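Peer 1: Quick one: the structure is below, and I'll ask about it shortly.
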Amino acid sequence: MTFVITERCVGIKDTSCVESCPVDAIKPTLDDEEFDDVDHLFIDPATCIDCGACVPACPSDAIFAEADVPDQWKHYIAKNAGYFAKAC
């Protein structure tokens, strides 16, 4: 299982979750060139260790365990994985 950033992050991109992640699974960071090109942040499912540290750090309550993503935001699971698939 991994964690997924959903609709509530769109347009906000608060990086508190990035700072809380012990394995740097949340991208892009403020230092990444594509930060301004995306509408929200993403969690790398291959890097995420399922620790959940990002969940309480998110001020917009946008992060859910993959199994707990609300139905209306399930498409963010594929969107999240797709962001990292393009980098391969």
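Residues in the structure tokens are numbered from 1 in each chain, the chains being A, B, ... in the order shown, and ligands are numbered from 1 in the order shown.
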Report as a PyMOL selection string: the residues of chain A with a DSSP assignment of alpha helix (DSSP H), based on the backbone of this structure.

Peer 2: chain A and resi 16-20+54-57+75-85

Peer 1: What lies within 7 Å of range 16-27 of chain A using only C-alpha atoms, ignoring chain neighbours under 2 positions off, as an MDAnalysis selection string?

Peer 2: chainID A and resid 14 29 41:44 47:48 53:54 57:58

Peer 1: With all heavy atoms retained, could you export that selection as a short mmCIF file (atom, residue, chain, number, x, y, z; two decimals), in the first residue's frame?

Peer 2:
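Full text of again_29.cif as output:
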```cif
data_model
loop_
_atom_site.label_atom_id
_atom_site.label_comp_id
_atom_site.auth_asym_id
_atom_site.auth_seq_id
_atom_site.Cartn_x
_atom_site.Cartn_y
_atom_site.Cartn_z
N ASP A 14 1.06 22.86 -0.78
CA ASP A 14 1.78 23.15 0.46
C ASP A 14 2.82 22.05 0.63
O ASP A 14 2.52 20.87 0.51
CB ASP A 14 0.80 23.15 1.63
CG ASP A 14 1.46 23.53 2.93
OD1 ASP A 14 2.26 22.71 3.44
OD2 ASP A 14 1.19 24.63 3.44
N THR A 29 9.46 18.83 -5.52
CA THR A 29 9.79 19.73 -4.42
C THR A 29 9.89 21.15 -4.98
O THR A 29 9.89 21.35 -6.20
CB THR A 29 11.12 19.35 -3.76
OG1 THR A 29 12.17 19.55 -4.70
CG2 THR A 29 11.11 17.89 -3.29
N LEU A 41 0.88 17.87 -5.69
CA LEU A 41 2.05 17.04 -5.43
C LEU A 41 1.70 15.55 -5.57
O LEU A 41 0.52 15.20 -5.59
CB LEU A 41 2.59 17.32 -4.02
CG LEU A 41 2.95 18.78 -3.74
CD1 LEU A 41 3.41 18.95 -2.30
CD2 LEU A 41 4.00 19.29 -4.71
N PHE A 42 2.72 14.71 -5.64
CA PHE A 42 2.54 13.28 -5.88
C PHE A 42 3.43 12.48 -4.93
O PHE A 42 4.52 12.93 -4.57
CB PHE A 42 2.91 12.92 -7.32
CG PHE A 42 2.13 13.68 -8.35
CD1 PHE A 42 2.56 14.92 -8.81
CD2 PHE A 42 0.96 13.16 -8.87
CE1 PHE A 42 1.84 15.62 -9.76
CE2 PHE A 42 0.22 13.86 -9.82
CZ PHE A 42 0.68 15.09 -10.27
N ILE A 43 3.00 11.28 -4.58
CA ILE A 43 3.79 10.38 -3.74
C ILE A 43 4.22 9.19 -4.57
O ILE A 43 3.39 8.48 -5.14
CB ILE A 43 2.99 9.91 -2.50
CG1 ILE A 43 2.60 11.12 -1.65
CG2 ILE A 43 3.80 8.91 -1.69
CD1 ILE A 43 1.71 10.80 -0.47
N ASP A 44 5.53 8.96 -4.62
CA ASP A 44 6.09 7.86 -5.40
C ASP A 44 5.74 6.53 -4.73
O ASP A 44 6.22 6.25 -3.63
CB ASP A 44 7.60 8.02 -5.49
CG ASP A 44 8.26 7.01 -6.40
OD1 ASP A 44 7.62 6.00 -6.76
OD2 ASP A 44 9.44 7.23 -6.74
N THR A 47 8.75 4.39 -3.70
CA THR A 47 9.62 4.91 -2.64
C THR A 47 8.91 4.98 -1.29
O THR A 47 9.53 4.80 -0.25
CB THR A 47 10.13 6.31 -3.02
OG1 THR A 47 10.77 6.24 -4.29
CG2 THR A 47 11.10 6.85 -2.00
N CYS A 48 7.61 5.22 -1.30
CA CYS A 48 6.82 5.37 -0.07
C CYS A 48 6.97 4.13 0.81
O CYS A 48 6.85 3.00 0.35
CB CYS A 48 5.35 5.58 -0.42
SG CYS A 48 4.25 5.75 0.99
N ALA A 53 3.67 9.58 7.84
CA ALA A 53 4.12 10.86 8.40
C ALA A 53 3.56 12.05 7.63
O ALA A 53 3.37 13.13 8.20
CB ALA A 53 5.65 10.92 8.42
N CYS A 54 3.25 11.86 6.38
CA CYS A 54 2.74 12.95 5.55
C CYS A 54 1.29 13.32 5.87
O CYS A 54 0.88 14.46 5.66
CB CYS A 54 2.86 12.58 4.07
SG CYS A 54 2.02 11.04 3.63
N ALA A 57 0.82 16.02 8.45
CA ALA A 57 1.55 17.22 8.01
C ALA A 57 0.79 18.00 6.95
O ALA A 57 1.07 19.18 6.73
CB ALA A 57 2.92 16.82 7.48
N CYS A 58 -0.17 17.37 6.30
CA CYS A 58 -0.91 18.01 5.21
C CYS A 58 -2.00 18.94 5.76
O CYS A 58 -2.97 18.46 6.37
CB CYS A 58 -1.55 16.95 4.32
SG CYS A 58 -2.52 17.64 2.96
#
```

Peer 1: Please identify the strand (DSSP E) residues within range 29-87 of chain A (assignment by DSSP from backbone atoms) and present them as a VMD selection string.

Peer 2: chain A and resid 42 to 43 63 to 65

Peer 1: Tell me, as a PyMOL selection string, which residues lie within 12 Å of Asp68 in chain A, counting only C-alpha atoms; anything in the same chain fewer than 5 positions away does not count.

Peer 2: chain A and resi 1-6+62-63+73-74+76-77

Peer 1: Please produce a file of those selected residues containing N, CA, C and O atoms, as a compact mmCIF listing (two decimals), in the first residue's frame.

Peer 2:
```txt
# COMPACT_ATOMS: atom_id res chain seq x y z
N MET A 1 0.84 -1.17 0.00
CA MET A 1 0.00 0.00 0.00
C MET A 1 0.89 1.24 0.00
O MET A 1 2.00 1.22 0.50
N THR A 2 0.37 2.30 -0.56
CA THR A 2 1.05 3.59 -0.56
C THR A 2 0.05 4.67 -0.18
O THR A 2 -1.14 4.40 0.00
N PHE A 3 0.51 5.86 -0.07
CA PHE A 3 -0.36 6.99 0.19
C PHE A 3 -0.53 7.78 -1.10
O PHE A 3 0.33 7.76 -1.97
N VAL A 4 -1.67 8.48 -1.22
CA VAL A 4 -2.03 9.19 -2.44
C VAL A 4 -2.47 10.60 -2.07
O VAL A 4 -3.24 10.79 -1.13
N ILE A 5 -1.99 11.57 -2.83
CA ILE A 5 -2.41 12.97 -2.66
C ILE A 5 -3.56 13.21 -3.62
O ILE A 5 -3.48 12.89 -4.80
N THR A 6 -4.64 13.78 -3.11
CA THR A 6 -5.88 13.91 -3.89
C THR A 6 -6.27 15.37 -4.15
O THR A 6 -5.49 16.30 -3.92
N ALA A 62 -5.40 16.25 2.28
CA ALA A 62 -5.47 15.72 0.92
C ALA A 62 -4.86 14.34 0.77
O ALA A 62 -4.97 13.73 -0.28
N ILE A 63 -4.19 13.82 1.82
CA ILE A 63 -3.46 12.56 1.70
C ILE A 63 -4.21 11.42 2.38
O ILE A 63 -4.62 11.54 3.52
N TRP A 73 -12.37 10.47 -5.59
CA TRP A 73 -10.98 10.80 -5.89
C TRP A 73 -10.15 9.57 -6.24
O TRP A 73 -8.92 9.64 -6.32
N LYS A 74 -10.77 8.44 -6.48
CA LYS A 74 -10.04 7.21 -6.82
C LYS A 74 -9.15 7.39 -8.05
O LYS A 74 -8.10 6.76 -8.15
N TYR A 76 -7.20 9.62 -8.68
CA TYR A 76 -5.89 10.15 -8.28
C TYR A 76 -4.87 9.05 -8.02
O TYR A 76 -3.67 9.29 -8.07
N ILE A 77 -5.33 7.83 -7.78
CA ILE A 77 -4.40 6.71 -7.60
C ILE A 77 -3.62 6.50 -8.89
O ILE A 77 -2.39 6.42 -8.89
```

Peer 1: Hey, which of A:Ala81, A:Ala65, A:Val38, A:Ile49 ends up closest to Ile12 in chain A? Count only C-alpha atoms.

Peer 2: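 That would be A:Val38, the residue with the smallest distance to Ile12 in chain A.
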